[in-house]
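J.: Dropping in input_8.cif, with mmCIF, C-alpha atoms.
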```
data_coords
#
loop_
_atom_site.label_atom_id
_atom_site.label_comp_id
_atom_site.auth_asym_id
_atom_site.auth_seq_id
_atom_site.Cartn_x
_atom_site.Cartn_y
_atom_site.Cartn_z
CA MET A 34 -21.89 28.48 19.88
CA ALA A 35 -19.79 27.18 17.07
CA ASN A 36 -16.38 25.70 17.70
CA GLU A 37 -13.70 28.35 17.13
CA ASP A 38 -11.13 25.88 15.85
CA GLN A 39 -10.25 25.54 12.22
CA GLY A 40 -10.44 22.15 10.64
CA PHE A 41 -7.64 20.71 8.56
CA VAL A 42 -6.79 17.47 6.82
CA VAL A 43 -3.75 15.32 7.58
CA TRP A 44 -3.48 12.87 4.69
CA LEU A 45 -1.18 9.87 5.25
CA THR A 46 -0.11 8.11 2.08
CA GLY A 47 2.24 5.16 1.69
CA LEU A 48 2.50 1.48 0.87
CA SER A 49 0.36 -1.19 2.50
CA GLY A 50 2.11 -2.09 5.76
CA ALA A 51 4.10 1.16 5.97
CA GLY A 52 2.38 2.07 9.24
CA LYS A 53 -0.19 4.66 8.12
CA SER A 54 -3.13 3.36 10.22
CA THR A 55 -1.04 3.03 13.36
CA LEU A 56 0.29 6.57 13.09
CA ALA A 57 -3.16 7.89 12.21
CA GLU A 58 -4.78 6.25 15.25
CA LYS A 59 -2.17 7.69 17.55
CA LEU A 60 -2.54 11.10 15.96
CA ALA A 61 -6.34 11.05 16.31
CA LEU A 62 -5.95 10.25 19.99
CA TYR A 63 -3.33 12.98 20.39
CA TYR A 64 -5.70 15.67 19.09
CA ARG A 65 -8.70 14.22 20.90
CA GLU A 66 -6.84 14.44 24.18
CA LYS A 67 -6.37 18.13 23.45
CA GLY A 68 -10.17 18.44 23.30
CA LYS A 69 -10.35 18.73 19.53
CA LEU A 70 -12.98 17.29 17.25
CA VAL A 71 -11.23 14.60 15.23
CA GLU A 72 -12.34 12.06 12.68
CA HIS A 73 -10.07 9.27 11.48
CA LEU A 74 -10.93 8.02 8.01
CA ASP A 75 -9.07 4.79 7.36
CA GLY A 76 -8.83 2.93 4.07
CA ASP A 77 -9.72 -0.50 5.41
CA VAL A 78 -12.62 0.82 7.51
CA ILE A 79 -14.07 2.99 4.76
CA ARG A 80 -13.93 0.16 2.24
CA GLY A 81 -16.25 -1.76 4.55
CA ILE A 82 -18.83 1.00 4.14
CA PHE A 83 -18.09 2.29 0.64
CA PRO A 84 -17.17 -0.90 -1.22
CA ALA A 85 -14.82 -0.15 -4.11
CA GLY A 86 -12.66 -2.07 -6.51
CA PHE A 87 -8.92 -1.68 -6.95
CA SER A 88 -8.64 -0.77 -10.63
CA ARG A 89 -7.26 2.70 -11.28
CA PRO A 90 -10.63 4.33 -12.13
CA GLU A 91 -12.27 2.64 -9.12
CA ARG A 92 -9.52 3.79 -6.77
CA GLU A 93 -9.75 7.30 -8.21
CA GLU A 94 -13.50 7.48 -7.71
CA HIS A 95 -13.17 6.05 -4.22
CA LEU A 96 -10.63 8.72 -3.27
CA ARG A 97 -12.81 11.49 -4.69
CA ARG A 98 -15.59 10.30 -2.37
CA ILE A 99 -13.23 10.28 0.59
CA GLY A 100 -12.00 13.72 -0.40
CA PHE A 101 -15.56 14.97 -0.41
CA VAL A 102 -16.25 13.51 3.03
CA ALA A 103 -12.98 14.96 4.36
CA SER A 104 -13.83 18.39 2.97
CA LEU A 105 -17.31 18.34 4.57
CA LEU A 106 -15.82 17.50 7.95
CA GLU A 107 -12.98 20.00 7.58
CA ARG A 108 -15.29 22.90 6.74
CA ASN A 109 -17.24 22.05 9.89
CA GLN A 110 -14.09 22.56 11.97
CA VAL A 111 -13.15 18.93 12.37
CA ILE A 112 -9.55 17.69 12.18
CA VAL A 113 -9.52 14.88 9.63
CA ILE A 114 -6.83 12.22 9.78
CA ALA A 115 -6.97 10.16 6.59
CA SER A 116 -4.91 7.00 6.12
CA PHE A 117 -5.14 5.64 2.60
CA ILE A 118 -2.52 4.06 0.33
CA SER A 119 -3.72 6.63 -2.25
CA PRO A 120 -1.06 5.56 -4.72
CA TYR A 121 -1.61 8.06 -7.55
CA ARG A 122 -0.23 11.58 -7.49
CA GLU A 123 -3.14 12.89 -9.49
CA SER A 124 -5.70 11.49 -7.04
CA ARG A 125 -3.89 13.06 -4.11
CA ARG A 126 -3.79 16.35 -5.99
CA ASP A 127 -7.55 16.10 -6.62
CA VAL A 128 -8.23 15.48 -2.95
CA ARG A 129 -5.95 18.36 -1.98
CA ARG A 130 -7.95 20.67 -4.24
CA MET A 131 -11.22 19.66 -2.54
CA CYS A 132 -9.89 20.53 0.90
CA GLY A 133 -8.84 23.77 2.56
CA ARG A 134 -5.76 23.17 4.70
CA PHE A 135 -4.24 19.92 3.46
CA ILE A 136 -1.11 18.34 4.93
CA GLU A 137 0.25 15.44 2.93
CA VAL A 138 2.31 13.04 5.01
CA TYR A 139 4.41 10.51 3.16
CA VAL A 140 4.75 7.45 5.41
CA ASN A 141 7.95 6.19 3.90
CA ALA A 142 8.99 2.55 4.17
CA SER A 143 10.54 0.59 1.32
CA LEU A 144 8.60 -2.03 -0.56
CA GLU A 145 11.19 -4.61 0.53
CA GLU A 146 10.58 -3.81 4.20
CA CYS A 147 6.77 -3.76 3.87
CA GLU A 148 6.83 -7.04 2.00
CA ARG A 149 9.27 -8.59 4.47
CA SER A 150 7.04 -7.93 7.50
CA ASP A 151 3.73 -8.49 5.60
CA ALA A 152 1.64 -8.45 8.80
CA LYS A 153 -1.63 -9.04 6.96
CA GLY A 154 -0.21 -11.57 4.49
CA LEU A 155 -1.37 -9.39 1.61
CA TYR A 156 1.95 -9.18 -0.23
CA GLN A 157 2.17 -12.95 -0.31
CA ARG A 158 -1.36 -13.16 -1.74
CA ALA A 159 -0.47 -10.46 -4.29
CA ARG A 160 2.74 -12.26 -5.33
CA SER A 161 0.82 -15.49 -5.81
CA GLY A 162 -1.68 -13.65 -8.02
CA GLU A 163 -4.58 -14.20 -5.64
CA ILE A 164 -4.97 -10.41 -5.23
CA LYS A 165 -4.79 -8.22 -8.31
CA ASN A 166 -3.89 -4.53 -8.65
CA PHE A 167 -1.89 -4.58 -5.45
CA THR A 168 0.10 -1.42 -4.91
CA GLY A 169 3.84 -2.01 -5.24
CA ILE A 170 3.40 -5.43 -6.85
CA ASP A 171 1.28 -5.10 -9.97
CA ASP A 172 0.06 -1.53 -9.52
CA PRO A 173 2.33 1.50 -9.10
CA TYR A 174 2.93 3.59 -6.01
CA GLU A 175 3.76 7.13 -7.03
CA ALA A 176 5.69 8.54 -4.09
CA PRO A 177 4.91 12.18 -3.20
CA GLU A 178 7.31 14.63 -4.81
CA ASN A 179 6.70 17.52 -2.48
CA PRO A 180 4.75 16.41 0.60
CA GLU A 181 4.43 18.73 3.58
CA ILE A 182 5.88 15.98 5.79
CA VAL A 183 7.90 12.79 5.35
CA VAL A 184 8.00 10.26 8.18
CA ARG A 185 10.28 7.25 7.97
CA THR A 186 8.87 4.17 9.66
CA GLN A 187 11.54 1.70 8.68
CA GLY A 188 14.08 0.63 11.27
CA VAL A 189 12.63 2.90 13.97
CA THR A 190 10.06 2.32 16.69
CA VAL A 191 6.45 3.47 16.28
CA GLU A 192 6.98 5.88 19.18
CA ARG A 193 9.89 7.49 17.38
CA SER A 194 8.01 7.81 14.06
CA PHE A 195 5.03 9.26 15.86
CA SER A 196 7.14 11.74 17.73
CA GLU A 197 8.74 12.82 14.44
CA LEU A 198 5.27 13.29 12.93
CA CYS A 199 4.07 15.40 15.87
CA ASP A 200 7.19 17.56 15.80
CA LYS A 201 6.78 18.22 12.10
CA LEU A 202 3.08 18.96 12.48
CA SER A 203 3.72 21.42 15.29
CA ARG A 204 6.26 23.21 13.07
CA LEU A 205 3.36 23.68 10.65
CA LYS A 206 1.36 25.17 13.54
CA VAL A 207 -1.27 22.45 13.62
CA MET B 1179 -12.36 24.29 22.47
CA ALA B 1180 -14.93 21.95 21.08
CA ASN B 1181 -18.37 23.19 20.11
CA GLU B 1182 -20.83 22.51 22.92
CA ASP B 1183 -23.77 21.91 20.62
CA GLN B 1184 -25.15 18.50 19.85
CA GLY B 1185 -25.52 17.46 16.28
CA PHE B 1186 -28.67 15.92 14.89
CA VAL B 1187 -30.06 14.83 11.55
CA VAL B 1188 -33.20 16.21 9.93
CA TRP B 1189 -34.06 13.82 7.13
CA LEU B 1190 -36.57 15.07 4.54
CA THR B 1191 -38.20 12.35 2.47
CA GLY B 1192 -40.86 12.67 -0.21
CA LEU B 1193 -41.59 12.49 -3.90
CA SER B 1194 -39.56 14.31 -6.53
CA GLY B 1195 -41.01 17.82 -6.72
CA ALA B 1196 -42.61 17.71 -3.26
CA GLY B 1197 -40.43 20.61 -2.08
CA LYS B 1198 -37.74 18.83 -0.02
CA SER B 1199 -34.73 20.78 -1.34
CA THR B 1200 -36.45 24.14 -0.96
CA LEU B 1201 -37.43 23.45 2.65
CA ALA B 1202 -33.98 22.01 3.38
CA GLU B 1203 -32.19 25.09 2.02
CA LYS B 1204 -34.36 27.40 4.11
CA LEU B 1205 -33.81 25.24 7.17
CA ALA B 1206 -30.03 25.21 6.70
CA LEU B 1207 -30.06 29.00 6.49
CA TYR B 1208 -32.30 29.22 9.57
CA TYR B 1209 -29.84 27.25 11.72
CA ARG B 1210 -26.80 28.96 10.18
CA GLU B 1211 -28.23 32.36 11.13
CA LYS B 1212 -28.40 31.09 14.69
CA GLY B 1213 -24.63 30.51 14.50
CA LYS B 1214 -24.87 26.74 14.22
CA LEU B 1215 -22.69 24.44 12.14
CA VAL B 1216 -24.96 23.07 9.43
CA GLU B 1217 -24.42 20.86 6.42
CA HIS B 1218 -27.10 20.38 3.78
CA LEU B 1219 -26.82 17.07 1.95
CA ASP B 1220 -29.07 17.15 -1.08
CA GLY B 1221 -29.90 14.24 -3.36
CA ASP B 1222 -29.23 16.01 -6.65
CA VAL B 1223 -25.98 17.58 -5.41
CA ILE B 1224 -24.64 14.39 -3.87
CA ARG B 1225 -25.37 12.37 -7.00
CA GLY B 1226 -23.02 14.72 -8.83
CA ILE B 1227 -20.22 13.61 -6.49
CA PHE B 1228 -21.21 10.03 -5.67
CA PRO B 1229 -22.71 8.82 -8.95
CA ALA B 1230 -25.29 6.10 -8.34
CA GLY B 1231 -27.90 4.27 -10.33
CA PHE B 1232 -31.60 4.17 -9.56
CA SER B 1233 -32.23 0.44 -9.15
CA ARG B 1234 -33.31 -0.64 -5.68
CA PRO B 1235 -29.90 -2.06 -4.62
CA GLU B 1236 -28.09 0.99 -6.02
CA ARG B 1237 -30.42 3.39 -4.22
CA GLU B 1238 -30.00 1.39 -1.01
CA GLU B 1239 -26.22 1.46 -1.21
CA HIS B 1240 -26.27 5.16 -2.06
CA LEU B 1241 -28.40 5.93 1.00
CA ARG B 1242 -26.11 3.87 3.26
CA ARG B 1243 -23.22 6.05 2.09
CA ILE B 1244 -25.20 9.20 2.80
CA GLY B 1245 -26.19 7.78 6.18
CA PHE B 1246 -22.53 7.22 6.99
CA VAL B 1247 -21.59 10.76 5.97
CA ALA B 1248 -24.50 12.17 7.98
CA SER B 1249 -23.48 10.17 11.05
CA LEU B 1250 -19.85 11.39 10.81
CA LEU B 1251 -21.00 14.99 10.66
CA GLU B 1252 -23.59 14.52 13.40
CA ARG B 1253 -21.10 13.02 15.83
CA ASN B 1254 -18.90 16.04 15.22
CA GLN B 1255 -21.69 18.31 16.42
CA VAL B 1256 -22.97 19.37 13.01
CA ILE B 1257 -26.66 19.76 12.22
CA VAL B 1258 -27.29 17.71 9.10
CA ILE B 1259 -30.21 18.56 6.83
CA ALA B 1260 -30.67 15.75 4.33
CA SER B 1261 -33.09 16.00 1.41
CA PHE B 1262 -33.44 12.74 -0.48
CA ILE B 1263 -36.45 11.05 -2.06
CA SER B 1264 -35.31 7.97 -0.05
CA PRO B 1265 -38.33 5.99 -1.14
CA TYR B 1266 -37.88 2.75 0.82
CA ARG B 1267 -38.87 2.38 4.47
CA GLU B 1268 -36.09 -0.09 5.10
CA SER B 1269 -33.42 2.28 3.78
CA ARG B 1270 -34.69 5.09 5.96
CA ARG B 1271 -34.68 2.73 8.93
CA ASP B 1272 -31.06 1.77 8.14
CA VAL B 1273 -30.01 5.40 7.99
CA ARG B 1274 -31.85 6.13 11.24
CA ARG B 1275 -29.91 3.34 12.93
CA MET B 1276 -26.59 4.81 11.80
CA CYS B 1277 -27.40 8.20 13.31
CA GLY B 1278 -27.89 9.41 16.86
CA ARG B 1279 -30.72 11.92 16.96
CA PHE B 1280 -32.72 11.40 13.77
CA ILE B 1281 -35.80 13.39 12.83
CA GLU B 1282 -37.69 12.05 9.84
CA VAL B 1283 -39.72 14.68 8.04
CA TYR B 1284 -42.27 13.49 5.52
CA VAL B 1285 -42.67 16.21 2.92
CA ASN B 1286 -46.12 15.27 1.83
CA ALA B 1287 -47.50 16.21 -1.57
CA SER B 1288 -49.55 13.91 -3.73
CA LEU B 1289 -48.14 12.27 -6.82
CA GLU B 1290 -50.84 14.02 -8.85
CA GLU B 1291 -49.73 17.43 -7.63
CA CYS B 1292 -46.01 16.72 -8.10
CA GLU B 1293 -46.64 15.41 -11.58
CA ARG B 1294 -48.91 18.34 -12.44
CA SER B 1295 -46.28 20.96 -11.61
CA ASP B 1296 -43.30 18.86 -12.84
CA ALA B 1297 -40.86 21.80 -12.59
CA LYS B 1298 -37.89 19.75 -13.84
CA GLY B 1299 -39.86 17.86 -16.51
CA LEU B 1300 -38.82 14.57 -14.92
CA TYR B 1301 -42.29 13.07 -14.58
CA GLN B 1302 -42.92 13.61 -18.27
CA ARG B 1303 -39.61 11.88 -19.10
CA ALA B 1304 -40.51 9.04 -16.75
CA ARG B 1305 -43.98 8.63 -18.28
CA SER B 1306 -42.48 8.51 -21.75
CA GLY B 1307 -40.10 5.76 -20.58
CA GLU B 1308 -37.00 7.90 -21.11
CA ILE B 1309 -36.17 7.66 -17.37
CA LYS B 1310 -36.50 4.30 -15.67
CA ASN B 1311 -37.06 3.46 -11.98
CA PHE B 1312 -38.66 6.81 -11.32
CA THR B 1313 -40.22 7.03 -7.87
CA GLY B 1314 -44.02 7.19 -8.06
CA ILE B 1315 -44.13 6.11 -11.72
CA ASP B 1316 -42.37 2.76 -12.11
CA ASP B 1317 -40.75 2.52 -8.67
CA PRO B 1318 -42.64 2.69 -5.37
CA TYR B 1319 -42.63 5.46 -2.79
CA GLU B 1320 -43.22 3.97 0.64
CA ALA B 1321 -44.61 6.82 2.70
CA PRO B 1322 -43.36 7.03 6.30
CA GLU B 1323 -45.67 5.31 8.75
CA ASN B 1324 -44.48 7.06 11.86
CA PRO B 1325 -42.30 10.07 10.99
CA GLU B 1326 -41.38 12.58 13.67
CA ILE B 1327 -42.84 15.34 11.48
CA VAL B 1328 -45.23 15.63 8.54
CA VAL B 1329 -45.27 18.83 6.48
CA ARG B 1330 -47.83 19.34 3.76
CA THR B 1331 -46.55 21.35 0.81
CA GLN B 1332 -49.56 21.06 -1.43
CA GLY B 1333 -51.89 24.05 -1.79
CA VAL B 1334 -49.89 26.18 0.66
CA THR B 1335 -47.07 28.66 0.19
CA VAL B 1336 -43.44 27.70 0.81
CA GLU B 1337 -43.38 30.21 3.68
CA ARG B 1338 -46.29 28.48 5.33
CA SER B 1339 -44.82 24.99 4.95
CA PHE B 1340 -41.49 26.21 6.27
CA SER B 1341 -43.09 27.88 9.23
CA GLU B 1342 -44.95 24.63 10.00
CA LEU B 1343 -41.66 22.72 9.81
CA CYS B 1344 -39.90 25.15 12.17
CA ASP B 1345 -42.78 25.06 14.65
CA LYS B 1346 -42.73 21.27 14.71
CA LEU B 1347 -38.95 21.14 15.06
CA SER B 1348 -39.00 23.57 17.97
CA ARG B 1349 -41.60 21.38 19.69
CA LEU B 1350 -38.97 18.62 19.45
CA LYS B 1351 -36.47 21.03 21.09
CA VAL B 1352 -34.14 21.26 18.09
#
```
Let me see the file written as structure tokens.
T.:
Amino acid sequence: MANEDQGFVVWLTGLSGAGKSTLAEKLALYYREKGKLVEHLDGDVIRGIFPAGFSRPEREEHLRRIGFVASLLERNQVIVIASFISPYRESRRDVRRMCGRFIEVYVNASLEECERSDAKGLYQRARSGEIKNFTGIDDPYEAPENPEIVVRTQGVTVERSFSELCDKLSRLKV
Amino acid sequence: MANEDQGFVVWLTGLSGAGKSTLAEKLALYYREKGKLVEHLDGDVIRGIFPAGFSRPEREEHLRRIGFVASLLERNQVIVIASFISPYRESRRDVRRMCGRFIEVYVNASLEECERSDAKGLYQRARSGEIKNFTGIDDPYEAPENPEIVVRTQGVTVERSFSELCDKLSRLKV
């Protein structure tokens, strides 16, 4: 018997270091504990399997692939949690079009804050020129204009951001 | 509530024109009519979304991507029917390793027969040199040595081949 649940896609976008992966992992666990089928697609993990460059056309193609994978899972009743910087509005719009129920979550932390913490040391490497096309440094981040959800991760605990995300999701009935 | 069914992967390999896509479409319909969640991943369709070249490394990378997508679907309880020439033994072994329950189906028709019918005119274009790296012409097809299932499609009707495939699958309890 097929699963009666409907799939949907929760798409977390935001700067490197804003806290997308952390929130996404917690969210995947949250749905899994409710007995749902969940797949977490994470930028860093997926790039290990689908290698891709960081130029604009390469990022766009990469996100189209992810969008396709998300849409396949979603139409088979899986909840997809996607955490990708996904810096371009047009790419996010393309991915939205490929999916059915699409919830864009803007994980909002300022560039200053992300760069200040710099847990992976990537901003430093981008500033020194060692990494090119780094979002926020020498490649733009186009913040969502009308996302379903905004979660602020700056100056609050992870627990608090996560609780805000869950509240907002439950108001959307998912 | 999560679907109680187990996913699995039916991987059809064989020459261009051997009848993989036709069998795969019928098989997807067969499982769908039983109320199962099914996804058909087809070489020609997927290449429209994940463009890839036809050199050996490009084909290998392409198949790893497909293997990853198949494994994601399978672990979310979807039956995956994959129809790809997938000419290299090593690539098929890699994909098998990525998946849980993997059933390799060798769709067996001779090169002579496939080239004689040449429904898409591809063999002619390969012979004339217009298409390079064409399996069976200037790129090898490494036939499976120990597939779970062999289906002959040469000199028999599609209905007969399909019925043979279903019989053999049901003997494997899927």
J.: Fit chain B to chain A, all Cα atoms paired in order, least squares. Then write it as a short mmCIF file (atom, residue, chain, number, x, y, z; two decimals) with C-alpha atoms, in the coordinates of the input.
T.:
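Heads up, here's the output in superposed31.cif:
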```
data_model
loop_
_atom_site.label_atom_id
_atom_site.label_comp_id
_atom_site.auth_asym_id
_atom_site.auth_seq_id
_atom_site.Cartn_x
_atom_site.Cartn_y
_atom_site.Cartn_z
CA MET B 1179 -21.96 28.51 19.86
CA ALA B 1180 -19.83 27.25 17.04
CA ASN B 1181 -16.43 25.74 17.71
CA GLU B 1182 -13.73 28.36 17.16
CA ASP B 1183 -11.16 25.89 15.88
CA GLN B 1184 -10.25 25.54 12.25
CA GLY B 1185 -10.42 22.16 10.66
CA PHE B 1186 -7.64 20.72 8.56
CA VAL B 1187 -6.78 17.47 6.83
CA VAL B 1188 -3.74 15.33 7.57
CA TRP B 1189 -3.47 12.87 4.71
CA LEU B 1190 -1.18 9.87 5.25
CA THR B 1191 -0.10 8.10 2.08
CA GLY B 1192 2.23 5.15 1.68
CA LEU B 1193 2.49 1.48 0.87
CA SER B 1194 0.35 -1.18 2.51
CA GLY B 1195 2.12 -2.09 5.75
CA ALA B 1196 4.11 1.16 5.96
CA GLY B 1197 2.39 2.08 9.25
CA LYS B 1198 -0.19 4.67 8.13
CA SER B 1199 -3.13 3.37 10.21
CA THR B 1200 -1.04 3.03 13.35
CA LEU B 1201 0.30 6.58 13.09
CA ALA B 1202 -3.17 7.89 12.20
CA GLU B 1203 -4.78 6.25 15.24
CA LYS B 1204 -2.15 7.70 17.55
CA LEU B 1205 -2.54 11.11 15.95
CA ALA B 1206 -6.34 11.04 16.31
CA LEU B 1207 -5.94 10.23 19.99
CA TYR B 1208 -3.33 12.98 20.40
CA TYR B 1209 -5.70 15.66 19.07
CA ARG B 1210 -8.72 14.20 20.89
CA GLU B 1211 -6.84 14.43 24.20
CA LYS B 1212 -6.37 18.11 23.46
CA GLY B 1213 -10.18 18.41 23.31
CA LYS B 1214 -10.36 18.72 19.54
CA LEU B 1215 -13.00 17.27 17.24
CA VAL B 1216 -11.23 14.60 15.22
CA GLU B 1217 -12.35 12.05 12.67
CA HIS B 1218 -10.08 9.26 11.49
CA LEU B 1219 -10.92 8.02 8.00
CA ASP B 1220 -9.05 4.80 7.36
CA GLY B 1221 -8.81 2.94 4.07
CA ASP B 1222 -9.69 -0.50 5.40
CA VAL B 1223 -12.59 0.80 7.52
CA ILE B 1224 -14.05 2.97 4.77
CA ARG B 1225 -13.92 0.14 2.24
CA GLY B 1226 -16.22 -1.79 4.56
CA ILE B 1227 -18.81 0.98 4.15
CA PHE B 1228 -18.10 2.26 0.64
CA PRO B 1229 -17.14 -0.93 -1.21
CA ALA B 1230 -14.80 -0.16 -4.10
CA GLY B 1231 -12.65 -2.09 -6.51
CA PHE B 1232 -8.92 -1.70 -6.94
CA SER B 1233 -8.63 -0.77 -10.61
CA ARG B 1234 -7.25 2.70 -11.29
CA PRO B 1235 -10.64 4.32 -12.12
CA GLU B 1236 -12.28 2.65 -9.11
CA ARG B 1237 -9.51 3.78 -6.77
CA GLU B 1238 -9.74 7.30 -8.21
CA GLU B 1239 -13.49 7.49 -7.72
CA HIS B 1240 -13.17 6.05 -4.22
CA LEU B 1241 -10.61 8.71 -3.27
CA ARG B 1242 -12.81 11.50 -4.68
CA ARG B 1243 -15.58 10.30 -2.36
CA ILE B 1244 -13.22 10.29 0.59
CA GLY B 1245 -11.98 13.73 -0.42
CA PHE B 1246 -15.55 14.99 -0.41
CA VAL B 1247 -16.24 13.52 3.03
CA ALA B 1248 -12.98 14.97 4.36
CA SER B 1249 -13.82 18.41 2.97
CA LEU B 1250 -17.30 18.35 4.57
CA LEU B 1251 -15.82 17.51 7.94
CA GLU B 1252 -12.98 20.01 7.58
CA ARG B 1253 -15.29 22.89 6.76
CA ASN B 1254 -17.23 22.04 9.90
CA GLN B 1255 -14.10 22.56 11.97
CA VAL B 1256 -13.14 18.91 12.35
CA ILE B 1257 -9.55 17.69 12.18
CA VAL B 1258 -9.52 14.89 9.63
CA ILE B 1259 -6.82 12.22 9.78
CA ALA B 1260 -6.96 10.17 6.59
CA SER B 1261 -4.90 7.01 6.12
CA PHE B 1262 -5.12 5.64 2.60
CA ILE B 1263 -2.51 4.05 0.34
CA SER B 1264 -3.71 6.63 -2.25
CA PRO B 1265 -1.06 5.57 -4.72
CA TYR B 1266 -1.60 8.06 -7.55
CA ARG B 1267 -0.22 11.60 -7.50
CA GLU B 1268 -3.14 12.90 -9.49
CA SER B 1269 -5.70 11.50 -7.04
CA ARG B 1270 -3.89 13.06 -4.11
CA ARG B 1271 -3.78 16.35 -5.99
CA ASP B 1272 -7.55 16.11 -6.61
CA VAL B 1273 -8.23 15.49 -2.95
CA ARG B 1274 -5.94 18.37 -1.97
CA ARG B 1275 -7.94 20.68 -4.23
CA MET B 1276 -11.21 19.68 -2.55
CA CYS B 1277 -9.87 20.53 0.90
CA GLY B 1278 -8.84 23.77 2.55
CA ARG B 1279 -5.77 23.18 4.69
CA PHE B 1280 -4.24 19.92 3.47
CA ILE B 1281 -1.11 18.36 4.92
CA GLU B 1282 0.26 15.44 2.93
CA VAL B 1283 2.31 13.04 5.00
CA TYR B 1284 4.40 10.49 3.16
CA VAL B 1285 4.76 7.46 5.40
CA ASN B 1286 7.94 6.18 3.90
CA ALA B 1287 8.98 2.55 4.15
CA SER B 1288 10.51 0.59 1.33
CA LEU B 1289 8.58 -2.04 -0.57
CA GLU B 1290 11.17 -4.59 0.53
CA GLU B 1291 10.58 -3.82 4.19
CA CYS B 1292 6.77 -3.78 3.87
CA GLU B 1293 6.84 -7.05 1.99
CA ARG B 1294 9.28 -8.61 4.47
CA SER B 1295 7.05 -7.94 7.48
CA ASP B 1296 3.74 -8.50 5.59
CA ALA B 1297 1.66 -8.47 8.81
CA LYS B 1298 -1.63 -9.06 6.97
CA GLY B 1299 -0.20 -11.58 4.48
CA LEU B 1300 -1.37 -9.38 1.61
CA TYR B 1301 1.94 -9.17 -0.23
CA GLN B 1302 2.17 -12.95 -0.32
CA ARG B 1303 -1.38 -13.14 -1.74
CA ALA B 1304 -0.49 -10.47 -4.29
CA ARG B 1305 2.70 -12.27 -5.33
CA SER B 1306 0.79 -15.50 -5.78
CA GLY B 1307 -1.70 -13.66 -8.02
CA GLU B 1308 -4.61 -14.20 -5.63
CA ILE B 1309 -5.00 -10.41 -5.21
CA LYS B 1310 -4.81 -8.23 -8.30
CA ASN B 1311 -3.89 -4.53 -8.65
CA PHE B 1312 -1.89 -4.59 -5.45
CA THR B 1313 0.09 -1.40 -4.92
CA GLY B 1314 3.84 -2.01 -5.24
CA ILE B 1315 3.39 -5.44 -6.86
CA ASP B 1316 1.26 -5.10 -9.99
CA ASP B 1317 0.05 -1.52 -9.52
CA PRO B 1318 2.34 1.50 -9.10
CA TYR B 1319 2.93 3.59 -6.00
CA GLU B 1320 3.77 7.13 -7.02
CA ALA B 1321 5.69 8.55 -4.09
CA PRO B 1322 4.91 12.18 -3.20
CA GLU B 1323 7.31 14.62 -4.80
CA ASN B 1324 6.70 17.52 -2.48
CA PRO B 1325 4.75 16.41 0.60
CA GLU B 1326 4.42 18.73 3.57
CA ILE B 1327 5.88 15.99 5.78
CA VAL B 1328 7.91 12.81 5.35
CA VAL B 1329 8.03 10.27 8.18
CA ARG B 1330 10.28 7.25 7.97
CA THR B 1331 8.86 4.16 9.66
CA GLN B 1332 11.53 1.70 8.69
CA GLY B 1333 14.10 0.62 11.29
CA VAL B 1334 12.64 2.89 13.98
CA THR B 1335 10.05 2.33 16.69
CA VAL B 1336 6.44 3.47 16.27
CA GLU B 1337 6.99 5.89 19.17
CA ARG B 1338 9.89 7.48 17.36
CA SER B 1339 8.03 7.82 14.06
CA PHE B 1340 5.03 9.27 15.85
CA SER B 1341 7.14 11.74 17.73
CA GLU B 1342 8.74 12.82 14.43
CA LEU B 1343 5.27 13.29 12.93
CA CYS B 1344 4.07 15.40 15.87
CA ASP B 1345 7.20 17.55 15.80
CA LYS B 1346 6.77 18.22 12.10
CA LEU B 1347 3.07 18.98 12.47
CA SER B 1348 3.72 21.44 15.28
CA ARG B 1349 6.27 23.21 13.08
CA LEU B 1350 3.36 23.69 10.65
CA LYS B 1351 1.34 25.17 13.56
CA VAL B 1352 -1.30 22.43 13.62
#
```
J.: Using only C-alpha atoms, find the residues of chain B whose closest atom to chain A is at most 12 Å away, then write them as an MDAnalysis selection string.
T.: chainID B and resid 1179:1185 1209:1219 1223:1230 1239:1258 1276
J.: Between B:Leu1350, B:Ala1321, B:Cys1344, B:Thr1191, which has the minimum distance to Tyr1208 of chain B (counting all atoms listed in the file)?
T.: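 Looking at the shortest contact to Tyr1208 of chain B, the residue is B:Cys1344.
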J.: Please return, as JSON, numbers by chain, all polymer residues that have at least one atom within 7 Å of the point (-3.2, 23.1, 7.3); use all atoms listed in the file and the file's own coordinate frame.
T.: {"A": [41, 42, 134, 135, 136, 207]}
J.: Expand the PyMOL selection byres ((chain B and resi 1194) around 8) into the individual residues it matches in the shown file, reporting them as number ranges by chain.
T.: B: 1192-1193, 1195-1197, 1263, 1292, 1313
J.: Tell me, in Å to one decimal, how far atom CA of Pro177 of chain A is from atom CA of Arg158 of chain A.
T.: 26.1 Å
J.: Quick one: pull the distance between atom CA of Gly154 of chain A and atom CA of Phe167 of chain A, Å, one decimal.
T.: 12.3 Å
J.: Rounded to one decimal in Å, what is the spacing between atom CA of Val43 of chain A and atom CA of Leu202 of chain A?
T.: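 Separating atom CA of Val43 of chain A from atom CA of Leu202 of chain A is a distance of 9.2 Å.
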J.: Need to verify the contact set: Asp1317 of chain B, 10 Å, all atoms listed in the file, exclusion of same-chain residues closer than 2 positions in sequence. Can you return it as a list of chain:residue names?
T.: B:Phe1232, B:Ser1233, B:Arg1234, B:Pro1265, B:Tyr1266, B:Lys1310, B:Asn1311, B:Phe1312, B:Thr1313, B:Gly1314, B:Ile1315, B:Tyr1319, B:Glu1320
J.: Where's the centre, and what are the edge lengths in Å to one decimal, of a box along x, y and z enclosing all listed atoms of segment 1225-1237 of chain B padded 4 Å per side, as lines of an AutoDock Vina configuration file?
T.:
```
center_x = -26.8
center_y = 6.3
center_z = -7.3
size_x = 21.1
size_y = 24.8
size_z = 14.1
```
J.: Considering only C-alpha atoms, return as a PyMOL selection string whatever protein or nucleic-acid residues lie within 10 Å of Ser1341 of chain B, sequence-local ones (same chain, fewer than 4 positions apart) excluded.
T.: chain B and resi 1201+1205+1329+1335-1337+1345-1347
